[in-house]
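This report concerns only the one structure given below.
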Amino acid sequence: RNQGWKKGKDGKWAKPEKAEKSSALLQFKVAKADATRKQVFGWAAIATDKDGNEIVDLQKDIIAPEDLELAAYDFVLHSREAGEMHESGGHGRVIESLAVTAEKKAALGVASDAMPSGWWIGFQLDEETFKRVQAGELSMFSIQGKATREQIQEAA
């Protein structure tokens with residue numbers, strides 16, 4: 001969305017360094033897997049880290065928390081299917097979805113810096129797909145969708 005630009009705590013926009021861009025990648029790994037039930041859980045996407053800093057993804061995009069929340073709702077309403085390598089569904093169904101926002105953390109009594117704002121998701125997978133998760137072939141979540149890119153300029 002922001003073409004790789006990140007707004008700092010000082011309110012100014014800057015282009016993050018390469019190492020910072022890839023740091024969010026580790027947060028999208030499968031966080032929990034249940035072999036008996038063939039279920040996987042983890043962050044599908046993170047909009048801001050637990051300190052409120054925007055996350056820049058591998059495509060150099062930033063997803064605003066409110067946009068990610070709407071995308072999560074749209075997915076649950078209209079798709080609910082697990083794809084593989086950005087290919088459409090047929091590999092499992094969503095069983096858990098929570099768009100974590102600042103407002104929801106407050107409503108739950110969770111400290112604002114206790115966890116990131118993002119989209120936590122769980123899937124019930126088919127046998128073959130779960131085997132690939134166990135083998136380490138599929139170790140991360142990745143969302144796909146359509147959006148309009150906006151170039152964000154630093155304020156003068």
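Lettering and numbering for the structure tokens are positional, with chains as A, B, ... in the shown order, residues counted from 1 in each chain, and ligands counted from 1 in the shown order.
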
Identify all residues of range 63-112 of chain A in strand (DSSP E) (DSSP on the backbone) and supply them as a PDB file with N, CA and C atoms, in the first residue's frame.
ATOM      1  N   GLY A  92      -8.076 -27.019   2.595  1.00  0.00           N
ATOM      2  CA  GLY A  92      -8.538 -26.957   3.972  1.00  0.00           C
ATOM      3  C   GLY A  92      -9.536 -25.829   4.137  1.00  0.00           C
ATOM      4  N   ARG A  93     -10.065 -25.717   5.358  1.00  0.00           N
ATOM      5  CA  ARG A  93     -11.080 -24.699   5.662  1.00  0.00           C
ATOM      6  C   ARG A  93     -10.671 -23.940   6.919  1.00  0.00           C
ATOM      7  N   VAL A  94     -11.054 -22.682   6.963  1.00  0.00           N
ATOM      8  CA  VAL A  94     -10.759 -21.867   8.138  1.00  0.00           C
ATOM      9  C   VAL A  94     -11.595 -22.351   9.324  1.00  0.00           C
ATOM     10  N   ILE A  95     -10.959 -22.436  10.488  1.00  0.00           N
ATOM     11  CA  ILE A  95     -11.668 -22.820  11.711  1.00  0.00           C
ATOM     12  C   ILE A  95     -11.532 -21.756  12.788  1.00  0.00           C
ATOM     13  N   GLU A  96     -10.649 -20.787  12.538  1.00  0.00           N
ATOM     14  CA  GLU A  96     -10.449 -19.732  13.521  1.00  0.00           C
ATOM     15  C   GLU A  96      -9.929 -18.501  12.794  1.00  0.00           C
ATOM     16  N   SER A  97     -10.449 -17.336  13.163  1.00  0.00           N
ATOM     17  CA  SER A  97     -10.001 -16.091  12.556  1.00  0.00           C
ATOM     18  C   SER A  97     -10.249 -14.956  13.536  1.00  0.00           C
ATOM     19  N   LEU A  98      -9.212 -14.162  13.784  1.00  0.00           N
ATOM     20  CA  LEU A  98      -9.358 -13.000  14.649  1.00  0.00           C
ATOM     21  C   LEU A  98      -8.505 -11.870  14.096  1.00  0.00           C
ATOM     22  N   ALA A  99      -9.161 -10.800  13.721  1.00  0.00           N
ATOM     23  CA  ALA A  99      -8.459  -9.588  13.328  1.00  0.00           C
ATOM     24  C   ALA A  99      -8.159  -8.833  14.617  1.00  0.00           C
ATOM     25  N   VAL A 100      -6.912  -8.831  15.023  1.00  0.00           N
ATOM     26  CA  VAL A 100      -6.495  -8.198  16.275  1.00  0.00           C
ATOM     27  C   VAL A 100      -6.238  -6.716  16.010  1.00  0.00           C
TER      28      VAL A 100
END

Considering only C-alpha atoms, return as an MDAnalysis selection string whatever protein or nucleic-acid residues lie within 6 Å of Ala31 in chain A, sequence-local ones (same chain, fewer than 2 positions apart) excluded.
chainID A and resid 29 41:42

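Take the candidates A:Lys50, A:Lys38, A:His91, A:His86 and check each one against Pro116 in chain A using only C-alpha atoms; the shortest distance goes to A:Lys50.
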
Neighbouring residues of Glu103 in chain A were defined as those with any atom within 9 Å, considering only C-alpha atoms; residues of the same chain fewer than 4 positions away were excluded. Please report them as a PyMOL selection string.
chain A and resi 107-108+112

Please, could you write that set of residues out with N, CA, C and O atoms as a CSV table (one decimal), in the first residue's frame?
chain,number,residue,atom,x,y,z
A,107,ALA,N,-10.7,-4.1,24.5
A,107,ALA,CA,-12.0,-4.7,24.9
A,107,ALA,C,-11.7,-6.0,25.7
A,107,ALA,O,-12.5,-6.4,26.6
A,108,LEU,N,-10.6,-6.7,25.3
A,108,LEU,CA,-10.3,-8.0,25.9
A,108,LEU,C,-9.4,-7.8,27.2
A,108,LEU,O,-9.1,-8.7,27.9
A,112,SER,N,-1.9,-2.9,25.2
A,112,SER,CA,-1.7,-2.6,23.8
A,112,SER,C,-0.4,-3.1,23.2
A,112,SER,O,-0.3,-3.3,22.0

So that I can check the surroundings of Ala102 in chain A, please list as a PyMOL selection string every protein, DNA and RNA residue that reaches within 12 Å of it, counting only C-alpha atoms and ignoring chain neighbours fewer than 5 positions away.
chain A and resi 47-52+65-66+69+107-118

Just how far from CA of Arg132 in chain A is CA of Val56 in chain A, in Å to one decimal?
27.5 Å
